[in-house]
Each structure stands twice: as C-alpha cells, then as structure tokens.
Amino acid sequence: MKAKIKVLGIACLLIFSLALSQEIWRKCIIVIDGDTILLAGNEKVRLIGVDTPETRDENRPIQYFGKEAYEFTKSLVEGKKVRLEYGMNRKDKYGRTLAYVYLEDGTLLNAEIIKQGYGYLYRAFIFKYFDKFWQYEKEAREKKIGLWATVKEPELKAAGKGEDTIVYITRTGTKYHREGCSALKRSKIPITLKEANERGYTPCALCDPPKIKKKKGSRLNI
Ligand SMILES: [Zn+2]
C-alpha cells in the first residue's frame with residue numbers, strides 16, 4: 001500500500017514538473033517603453049522589478065536617459081520570441097500583464113536592463129528577485145554605466161555661458177534647477193540649459209535658475 005502511494009506521488013510530481021517546464025514562446029511585436037512591451041495578441045507586458053525613465057507620458061518631459069532605455073530594450077526584444085514567468089500578481093491596475101521576460105538565449109530582460117544601467121530596481125514592493133536586482137543596480141552604479149554615468153569635469157568646465165550654462169535635473173522630476181537647490185538632494189544630473197529646454201524641463205520656482213531669453217524681434221526663417 002505504502003509503495004503504491006509512493007509511486008503515485010512520484011507520478012504526480014513528474015506530471016507537475018513537466019507542466020512547469022513546458023515553455024510557451026510568444027512574439028514581442030513592439031517595445032512601448034523601456035519597461036513595457038507588447039506581445040502578439042495585443043498583450044501589454046510590464047516588466048516586474050525594473051523601472052526605466054519615461055519616454056511616453058505626454059504631460060512630462062522625456063526623462064534623462066528615457067530614449068536610451070527604450071532603444072536598449074528595443075534592441076534586445078523587439079520582433080523576438082520571449083517566455084514569461086509570472087510573479088505574485090498577474091496584472092497591474094492598468095490591466096497590463098506583470099512578468100519576468102526571458103529571451104531565447106536565457107537572458108532575463110528585467111535583470112539585463114538594470115545590469116547595463118538602463119533602468120533601476122523597482123523598490124515599491126518585494127518580489128522574487130529583489131535582492132539580485134538590487135545587487136545589479138549597485139554594480140551598475142559603481143561602474144557608472146548607462147544612466148549612472150556622470151558628466152566628466154572637463155566637459156562641464158568647457159561648457160560656457162548662455163544656452164550652454166549648466167543646470168541640473170533629477171531622475172524623476174520635470175523641473176530644472178540651479179546648483180545647491182534643495183530639490184536636488186536625491187539625484188542631480190548636469191545638463192545644459194539648451195538641452196533642458198529641448199527636453200521640456202521647466203525652471204524650478206524655488207531656486208529660480210537661468211532661463212533662455214527669447215530674442216526680441218527674431219523672426220522664423222522658413
Ligand atoms: Zn530648484
């Protein structure tokens with residue numbers, strides 16, 4: 001009797017593990033953002049545990065490194081086959097599928113983005129690979145790669161006056177600031193005044209940084 005139960009148990013285990021290892025491959029049609037992709041069948045997938053700077057919110061400027069993060073994810077996954085692993089919740093409040101996305105060569109896309117410095121650990125809740133992802137982010141920061149790269153001093157010194165004045169932005173904000181502004185406590189990214197304007201950042205009301213003056217009487221050359 002005992003042996004019979006044992007055999008049955010092993011059979012069940014075998015079936016269960018077979019079901020688990022059955023790999024379903026899906027095609028990524030397009031990359032929507034650095035951390036969101038669209039699969040065939042119109043399924044939007046938000047990568048678990050990683051955040052990349054925004055490129056798509058029309059009400060906000062393109063965040064620092066947003067375009068680069070999008071291009072990176074695109075280069076890895078667009079048009080390719082992927083396999084999903086699900087976490088605790090299958091969907092987020094926007095109806096997007098939440099998943100770990102594996103490439104055919106076994107690369108975990110979510111981790112790769114953090115490793116290469118194109119995104120950071122999503123800290124709002126604990127998930128299966130939280131510690132690993134945290135370690136990857138730490139290493140990318142230490143190596144100063146991707147969005148952790150700092151602008152080199154000589155480049156800063158070479159920057160001149162006017163439109164080339166250096167102002168500062170943060171990783172998530174929409175304003176640009178003067179050196180020393182209290183809004184720069186958590187992150188501080190140097191950028192020229194011209195670039196800040198082009199990316200849609202607006203001057204902070206607290207520190208009142210320099211602004212690009214519109215030339216009087218200037219006409220558009222068409
Ligand atoms: Zn400020």
# chains A, B, ... in the order shown; residues from 1 in each chain; ligands from 1

$ residues_near_ligand --ligand "ligand 1" --cutoff "6 Å" --atoms "only C-alpha atoms and all ligand atoms" --output "ChimeraX atom specification"
/A:177-178,181,183,204,206-207

$ residues_around --residues "Lys80 in chain A" --least-positions-apart "5" --cutoff "10 Å" --atoms "only C-alpha atoms" --output "list in words"
Trp25, Arg26, Lys27, Cys28, Ile29, Ile30, Leu39, Lys74, Ser75, Leu103 and Glu104 of chain A

$ write_last_selection --atoms "C-alpha atoms" --output "mmCIF file, in the first residue's frame"
data_model
loop_
_atom_site.group_PDB
_atom_site.id
_atom_site.type_symbol
_atom_site.label_atom_id
_atom_site.label_comp_id
_atom_site.auth_asym_id
_atom_site.auth_seq_id
_atom_site.Cartn_x
_atom_site.Cartn_y
_atom_site.Cartn_z
ATOM 1 C CA TRP A 25 7.138 31.227 -26.542
ATOM 2 C CA ARG A 26 5.484 34.484 -27.505
ATOM 3 C CA LYS A 27 6.468 37.119 -30.008
ATOM 4 C CA CYS A 28 7.226 40.665 -28.923
ATOM 5 C CA ILE A 29 5.638 42.876 -31.567
ATOM 6 C CA ILE A 30 6.854 46.252 -30.364
ATOM 7 C CA LEU A 39 3.186 40.797 -27.359
ATOM 8 C CA LYS A 74 14.028 47.525 -28.314
ATOM 9 C CA SER A 75 17.385 46.213 -29.500
ATOM 10 C CA LEU A 103 14.859 35.822 -24.213
ATOM 11 C CA GLU A 104 15.618 32.698 -26.237
#

$ select_by_dssp --residues "range 89-199 of chain A" --states "helix (DSSP H, G or I)" --output "number ranges by chain"
A: 109-115, 130-143, 146-148, 153-158, 162-164, 182-184, 193-198

$ residues_around --residues "Asp105 in chain A" --least-positions-apart "3" --cutoff "12 Å" --atoms "only C-alpha atoms" --output "PDB file with C-alpha atoms, in the first residue's frame"
ATOM      1  CA  LEU A  76      17.080  43.173 -27.243  1.00  0.00           C
ATOM      2  CA  VAL A  77      13.500  42.108 -27.648  1.00  0.00           C
ATOM      3  CA  LYS A  80      11.939  38.350 -30.919  1.00  0.00           C
ATOM      4  CA  LYS A  81      10.425  35.399 -29.113  1.00  0.00           C
ATOM      5  CA  VAL A  82      10.069  35.616 -25.358  1.00  0.00           C
ATOM      6  CA  ARG A  83       8.968  33.412 -22.495  1.00  0.00           C
ATOM      7  CA  VAL A 101      10.610  38.213 -19.608  1.00  0.00           C
ATOM      8  CA  TYR A 102      13.164  35.689 -20.834  1.00  0.00           C
ATOM      9  CA  LEU A 108      16.277  37.715 -18.177  1.00  0.00           C
ATOM     10  CA  LEU A 109      15.367  41.047 -19.780  1.00  0.00           C
TER      11      LEU A 109
END

$ closest_residue --among "A:Leu84, A:Ile166, A:Lys143, A:Arg123" --to "Thr107 in chain A" --atoms "only C-alpha atoms"
A:Leu84

$ residues_around --residues "Tyr118 in chain A" --least-positions-apart "4" --cutoff "7 Å" --atoms "only C-alpha atoms" --output "number ranges by chain"
A: 52, 69, 113-114, 146-147
